[in-house]
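Enquirer: The structure's right below; bear with me while I get my questions together.
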Amino acid sequence: PGLVGREAAAGGALLGGVGATLGTPRISIVDDGARPDGLLAAAFDGEGVPCGAVTLVEAGRLARPLLAWWESDTPASATGCMRRASWRDLPRRAPTHLHLLPDPEVSPRDLLAAGGAVAYVIDVEGGVRADPASGTFALPVSGFALLDGRDAGGFGRRWLRGNLRHWLTGVRALGRDLAFVAGDGMFGAPSLLCEGLELSDAAS
C-alpha cells in the first residue's frame with residue numbers, strides 16, 4: 001500500500017514522499033506488469049492502459065508510486081496498475097510483479113561467504129505481524145546459523161523482527177537468484193545480506 005496511489009506520492013511518516021531516501025542505494029524496486037516470465041503478465045491492465053516495467057524505488061529513493069490513469073497528471077505517467085481478479089470484478093490498483101532488482105554479479109554462495117555470525121533464513125513459518133504506522137514487523141522463520149561461512153547449527157521457528165526503514169538501510173548485498181511468491185500479486189526478491197534485524201523467541 002505504501003507504494004500505490006497519490007497518497008504514496010504525498011508521503012507520510014514512513015515513506016516521506018517522492019524523492020525521499022528509503023534505504024541504501026543498493027535497493028531498487030520495480031513493478032512489471034508485462035514481465036515476460038511473469039504469472040500475471042499482460043499487455044494491458046484491467047482498464048486498457050499498457051503495462052510495463054515501472055521503477056518505484058531507484059537507488060534507495062522513492063521515484064514514483066503506482067498510479068491509475070485517473071490519478072495521473074499525463075497519460076504517460078499512468079503505470080498500468082489496475083487489476084481485475086476476474087471478468088466480473090471491478091479493477092483496482094495493485095502491483096503485478098513487484099520485486100527487488102537482483103545483482104547479476106553476486107551468487108548466493110558469495111553472500112554466504114560473508115564473515116562473522118550470520119543467520120541464514122531459508123523458510124517462512126507463518127504470516128507477518130506488522131504495524132504500518134511505525135514500520136515494525138515480526139516474521140516467523142527457520143534456518144541455520146553460520147559462523148565465518150561455516151554451518152553452526154540450525155534453528156526452528158523463531159521471530160525475525162525489525163523495522164522496514166532499518167531493514168532497507170541495512171541491506172549490504174543482493175544476490176542474483178530472484179524468485180517470486182504469490183500474494184495479492186506476485187512479489188519477488190533475491191537472497192539478501194542484511195544487518196539491523198533481530199532473531200527472537202517471541203514476536204514482541
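Just remember, in the C-alpha cells the first chain shown is A, the second B, etc., residues are 1-based per chain, and ligands are 1-based in the order shown.
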Would you list, as a list in words, the residues of stretch 3-203 of chain A that end up in alpha helix (DSSP H) under DSSP run on this structure's backbone?
Expert: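 Restricting stretch 3-203 of chain A to alpha helix (DSSP H) produces Arg6, Glu7, Ala8, Ala9, Ala10, Pro108, Arg109, Asp110, Leu111, Leu112, Leu164, Arg165, His166, Trp167, Leu168 and Thr169 of chain A.
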Enquirer: Could the residues in this selection be saved with all heavy atoms as a short mmCIF file (atom, residue, chain, number, x, y, z; two decimals), in the first residue's frame?
Expert:
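In the end it all went to again-v8.cif:
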```
data_model
loop_
_atom_site.label_atom_id
_atom_site.label_comp_id
_atom_site.auth_asym_id
_atom_site.auth_seq_id
_atom_site.Cartn_x
_atom_site.Cartn_y
_atom_site.Cartn_z
N ARG A 6 -1.89 8.22 -5.04
CA ARG A 6 -1.46 9.58 -4.76
C ARG A 6 -0.96 9.76 -3.33
O ARG A 6 -0.08 10.57 -3.06
CB ARG A 6 -2.63 10.54 -5.01
CG ARG A 6 -2.86 10.89 -6.46
CD ARG A 6 -1.78 11.80 -6.95
NE ARG A 6 -2.03 12.28 -8.30
CZ ARG A 6 -1.15 12.98 -9.00
NH1 ARG A 6 0.03 13.25 -8.47
NH2 ARG A 6 -1.42 13.38 -10.22
N GLU A 7 -1.54 9.00 -2.41
CA GLU A 7 -1.12 9.12 -1.02
C GLU A 7 0.34 8.73 -0.84
O GLU A 7 1.04 9.26 0.01
CB GLU A 7 -2.01 8.28 -0.11
CG GLU A 7 -2.11 6.82 -0.47
CD GLU A 7 -3.21 6.49 -1.47
OE1 GLU A 7 -3.58 7.36 -2.27
OE2 GLU A 7 -3.68 5.34 -1.43
N ALA A 8 0.82 7.80 -1.67
CA ALA A 8 2.24 7.43 -1.61
C ALA A 8 3.12 8.55 -2.13
O ALA A 8 4.21 8.79 -1.61
CB ALA A 8 2.48 6.15 -2.41
N ALA A 9 2.65 9.25 -3.16
CA ALA A 9 3.43 10.38 -3.70
C ALA A 9 3.55 11.49 -2.67
O ALA A 9 4.58 12.15 -2.56
CB ALA A 9 2.76 10.90 -4.97
N ALA A 10 2.47 11.72 -1.92
CA ALA A 10 2.50 12.77 -0.90
C ALA A 10 3.37 12.38 0.28
O ALA A 10 3.98 13.23 0.93
CB ALA A 10 1.08 13.06 -0.41
N PRO A 108 24.40 -16.54 -4.46
CA PRO A 108 24.10 -16.83 -3.05
C PRO A 108 25.32 -17.31 -2.28
O PRO A 108 25.47 -17.01 -1.10
CB PRO A 108 23.02 -17.91 -3.15
CG PRO A 108 22.35 -17.66 -4.46
CD PRO A 108 23.45 -17.21 -5.37
N ARG A 109 26.20 -18.05 -2.94
CA ARG A 109 27.41 -18.52 -2.28
C ARG A 109 28.28 -17.34 -1.82
O ARG A 109 28.88 -17.37 -0.75
CB ARG A 109 28.21 -19.43 -3.22
CG ARG A 109 29.47 -20.02 -2.59
CD ARG A 109 30.22 -20.87 -3.61
NE ARG A 109 29.44 -22.03 -3.99
CZ ARG A 109 29.47 -23.18 -3.34
NH1 ARG A 109 30.23 -23.32 -2.26
NH2 ARG A 109 28.75 -24.20 -3.76
N ASP A 110 28.32 -16.29 -2.65
CA ASP A 110 29.08 -15.10 -2.26
C ASP A 110 28.52 -14.49 -0.98
O ASP A 110 29.27 -14.03 -0.11
CB ASP A 110 29.06 -14.06 -3.38
CG ASP A 110 29.74 -14.54 -4.65
OD1 ASP A 110 30.68 -15.35 -4.55
OD2 ASP A 110 29.34 -14.09 -5.74
N LEU A 111 27.19 -14.46 -0.87
CA LEU A 111 26.56 -13.90 0.32
C LEU A 111 26.86 -14.75 1.55
O LEU A 111 27.12 -14.23 2.64
CB LEU A 111 25.05 -13.79 0.13
CG LEU A 111 24.56 -12.91 -1.03
CD1 LEU A 111 23.04 -12.92 -1.09
CD2 LEU A 111 25.06 -11.48 -0.88
N LEU A 112 26.83 -16.07 1.37
CA LEU A 112 27.07 -16.97 2.50
C LEU A 112 28.51 -16.92 2.97
O LEU A 112 28.81 -17.31 4.11
CB LEU A 112 26.71 -18.41 2.11
CG LEU A 112 25.23 -18.69 1.85
CD1 LEU A 112 25.04 -20.12 1.39
CD2 LEU A 112 24.41 -18.42 3.10
N LEU A 164 10.97 -1.62 8.95
CA LEU A 164 11.10 -1.58 7.50
C LEU A 164 12.20 -0.63 7.06
O LEU A 164 13.03 -0.96 6.20
CB LEU A 164 9.77 -1.19 6.86
CG LEU A 164 9.75 -1.07 5.34
CD1 LEU A 164 10.09 -2.40 4.69
CD2 LEU A 164 8.41 -0.55 4.85
N ARG A 165 12.24 0.56 7.64
CA ARG A 165 13.25 1.54 7.24
C ARG A 165 14.65 1.05 7.61
O ARG A 165 15.60 1.19 6.84
CB ARG A 165 12.97 2.89 7.90
CG ARG A 165 11.72 3.59 7.40
CD ARG A 165 11.85 3.98 5.94
NE ARG A 165 12.86 4.98 5.69
CZ ARG A 165 12.64 6.29 5.66
NH1 ARG A 165 11.42 6.76 5.89
NH2 ARG A 165 13.61 7.13 5.41
N HIS A 166 14.79 0.46 8.80
CA HIS A 166 16.09 -0.05 9.21
C HIS A 166 16.53 -1.21 8.31
O HIS A 166 17.71 -1.35 7.99
CB HIS A 166 16.04 -0.51 10.67
CG HIS A 166 15.79 0.61 11.63
ND1 HIS A 166 15.40 0.39 12.93
CD2 HIS A 166 15.87 1.95 11.49
CE1 HIS A 166 15.25 1.55 13.54
NE2 HIS A 166 15.52 2.50 12.69
N TRP A 167 15.55 -2.04 7.92
CA TRP A 167 15.87 -3.16 7.03
C TRP A 167 16.37 -2.64 5.68
O TRP A 167 17.39 -3.10 5.16
CB TRP A 167 14.65 -4.05 6.84
CG TRP A 167 14.82 -5.05 5.75
CD1 TRP A 167 15.74 -6.05 5.69
CD2 TRP A 167 14.07 -5.12 4.53
NE1 TRP A 167 15.60 -6.76 4.51
CE2 TRP A 167 14.59 -6.21 3.79
CE3 TRP A 167 13.00 -4.39 4.01
CZ2 TRP A 167 14.07 -6.56 2.54
CZ3 TRP A 167 12.49 -4.75 2.77
CH2 TRP A 167 13.02 -5.82 2.06
N LEU A 168 15.68 -1.66 5.12
CA LEU A 168 16.07 -1.15 3.80
C LEU A 168 17.42 -0.45 3.83
O LEU A 168 18.17 -0.49 2.86
CB LEU A 168 14.99 -0.19 3.28
CG LEU A 168 13.66 -0.83 2.89
CD1 LEU A 168 12.63 0.24 2.53
CD2 LEU A 168 13.83 -1.81 1.73
N THR A 169 17.74 0.19 4.94
CA THR A 169 19.05 0.83 5.04
C THR A 169 20.15 -0.16 5.42
O THR A 169 21.33 0.14 5.25
CB THR A 169 19.03 1.97 6.09
OG1 THR A 169 18.59 1.44 7.35
CG2 THR A 169 18.09 3.08 5.66
#
```
Enquirer: Name the residues in contact with A:Leu174 at a cut-off of 6 Å, using only C-alpha atoms, excluding same-chain residues fewer than 6 positions from it; report them as a PyMOL selection string.
Expert: chain A and resi 102-103+191-192
Enquirer: Within 10 Å of A:Leu146, counting only C-alpha atoms, which residues show up once you throw out same-chain ones fewer than 6 positions away? Write them as a VMD selection string, please.
Expert: chain A and resid 112 to 120 152 to 154
Enquirer: Please dump the current selection as a compact mmCIF listing (two decimals), in the first residue's frame; keep all heavy atoms.
Expert:
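The new file part-v3.txt reads:
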```txt
# COMPACT_ATOMS: atom_id res chain seq x y z
N LEU A 112 26.83 -16.07 1.37
CA LEU A 112 27.07 -16.97 2.50
C LEU A 112 28.51 -16.92 2.97
O LEU A 112 28.81 -17.31 4.11
CB LEU A 112 26.71 -18.41 2.11
CG LEU A 112 25.23 -18.69 1.85
CD1 LEU A 112 25.04 -20.12 1.39
CD2 LEU A 112 24.41 -18.42 3.10
N ALA A 113 29.40 -16.45 2.12
CA ALA A 113 30.82 -16.39 2.49
C ALA A 113 31.14 -15.18 3.36
O ALA A 113 32.30 -15.00 3.75
CB ALA A 113 31.67 -16.35 1.23
N ALA A 114 30.14 -14.35 3.65
CA ALA A 114 30.39 -13.18 4.50
C ALA A 114 30.90 -13.63 5.86
O ALA A 114 30.45 -14.61 6.43
CB ALA A 114 29.10 -12.38 4.66
N GLY A 115 31.87 -12.91 6.38
CA GLY A 115 32.46 -13.27 7.65
C GLY A 115 31.56 -12.96 8.83
O GLY A 115 30.53 -12.28 8.71
N GLY A 116 31.93 -13.49 10.00
CA GLY A 116 31.19 -13.22 11.21
C GLY A 116 30.02 -14.15 11.40
O GLY A 116 29.88 -15.17 10.73
N ALA A 117 29.15 -13.79 12.33
CA ALA A 117 27.96 -14.59 12.65
C ALA A 117 26.80 -14.15 11.78
O ALA A 117 26.45 -12.96 11.74
CB ALA A 117 27.61 -14.45 14.12
N VAL A 118 26.19 -15.10 11.07
CA VAL A 118 25.10 -14.81 10.13
C VAL A 118 23.98 -15.81 10.37
O VAL A 118 24.23 -17.00 10.57
CB VAL A 118 25.58 -14.92 8.66
CG1 VAL A 118 24.42 -14.72 7.71
CG2 VAL A 118 26.67 -13.89 8.39
N ALA A 119 22.73 -15.33 10.36
CA ALA A 119 21.56 -16.21 10.39
C ALA A 119 21.04 -16.34 8.97
O ALA A 119 20.66 -15.34 8.35
CB ALA A 119 20.49 -15.63 11.30
N TYR A 120 21.06 -17.56 8.44
CA TYR A 120 20.61 -17.82 7.07
C TYR A 120 19.17 -18.31 7.13
O TYR A 120 18.90 -19.45 7.50
CB TYR A 120 21.52 -18.86 6.43
CG TYR A 120 21.19 -19.19 4.99
CD1 TYR A 120 20.67 -18.23 4.13
CD2 TYR A 120 21.42 -20.47 4.49
CE1 TYR A 120 20.38 -18.53 2.81
CE2 TYR A 120 21.13 -20.78 3.16
CZ TYR A 120 20.61 -19.80 2.33
OH TYR A 120 20.32 -20.11 1.02
N ALA A 152 26.83 -23.51 11.68
CA ALA A 152 26.94 -23.53 13.14
C ALA A 152 25.67 -24.06 13.79
O ALA A 152 25.44 -23.84 14.98
CB ALA A 152 27.25 -22.12 13.65
N GLY A 153 24.83 -24.76 13.01
CA GLY A 153 23.63 -25.37 13.58
C GLY A 153 22.35 -24.70 13.11
O GLY A 153 22.32 -23.51 12.84
N GLY A 154 21.29 -25.50 13.02
CA GLY A 154 20.01 -24.99 12.57
C GLY A 154 19.18 -24.41 13.70
O GLY A 154 19.46 -24.64 14.88
```
Enquirer: Using only C-alpha atoms, find each residue of stretch 53-168 of chain A with at least one atom at most 8 Å away from an atom of stretch 182-185 of chain A; report its shortest atom-to-atom pair and that distance in Å (one decimal), sort the rows by chain and rising residue number, and return the result as CSV.
Expert:
```
residue,atom,partner,partner_atom,distance
A:Ala94,CA,A:Gly185,CA,7.2
A:Pro95,CA,A:Gly185,CA,5.8
A:Thr96,CA,A:Gly185,CA,4.8
A:His97,CA,A:Gly185,CA,6.4
A:Leu98,CA,A:Gly185,CA,7.7
```
Enquirer: Any idea what's packed within 7 Å of A:Arg92, counting only C-alpha atoms, ignoring anything in its chain fewer than 5 positions away? Could you give it as a PyMOL selection string?
Expert: chain A and resi 82-84
Enquirer: Just to be explicit: take each residue in the selection above, keep N, CA and C atoms, and write the result as a PDB file, in the first residue's frame.
Expert:
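selection_0.pdb, written as the output of this step:
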```
ATOM      1  N   MET A  82      -4.039  -1.252 -12.826  1.00  0.00           N
ATOM      2  CA  MET A  82      -5.406  -1.603 -12.451  1.00  0.00           C
ATOM      3  C   MET A  82      -5.651  -3.079 -12.766  1.00  0.00           C
ATOM      4  N   ARG A  83      -5.856  -3.875 -11.704  1.00  0.00           N
ATOM      5  CA  ARG A  83      -6.017  -5.318 -11.867  1.00  0.00           C
ATOM      6  C   ARG A  83      -7.445  -5.742 -11.591  1.00  0.00           C
ATOM      7  N   ARG A  84      -7.894  -6.748 -12.330  1.00  0.00           N
ATOM      8  CA  ARG A  84      -9.190  -7.384 -12.088  1.00  0.00           C
ATOM      9  C   ARG A  84      -8.943  -8.810 -11.607  1.00  0.00           C
TER      10      ARG A  84
END
```
Enquirer: Just how far from atom CA of A:Ala145 is atom CA of A:Leu100, in Å to one decimal?
Expert: 24.4 Å
Enquirer: What lies within 9 Å of A:Pro140 using only C-alpha atoms, ignoring chain neighbours under 2 positions off, as an MDAnalysis selection string?
Expert: chainID A and resid 123:128 138 142 157:161 203
Enquirer: Show me, as number ranges by chain, the residues that have an atom within 10 Å of A:Ala78 when counting only C-alpha atoms, minus same-chain residues fewer than 4 positions from it.
Expert: A: 49-51, 54, 65-74, 82
Enquirer: Using only C-alpha atoms, which of A:Val30, A:Leu178, A:Met186, A:Ala173 sits nearest A:Val106?
Expert: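 Under the stated criterion, the closest residue is A:Ala173.
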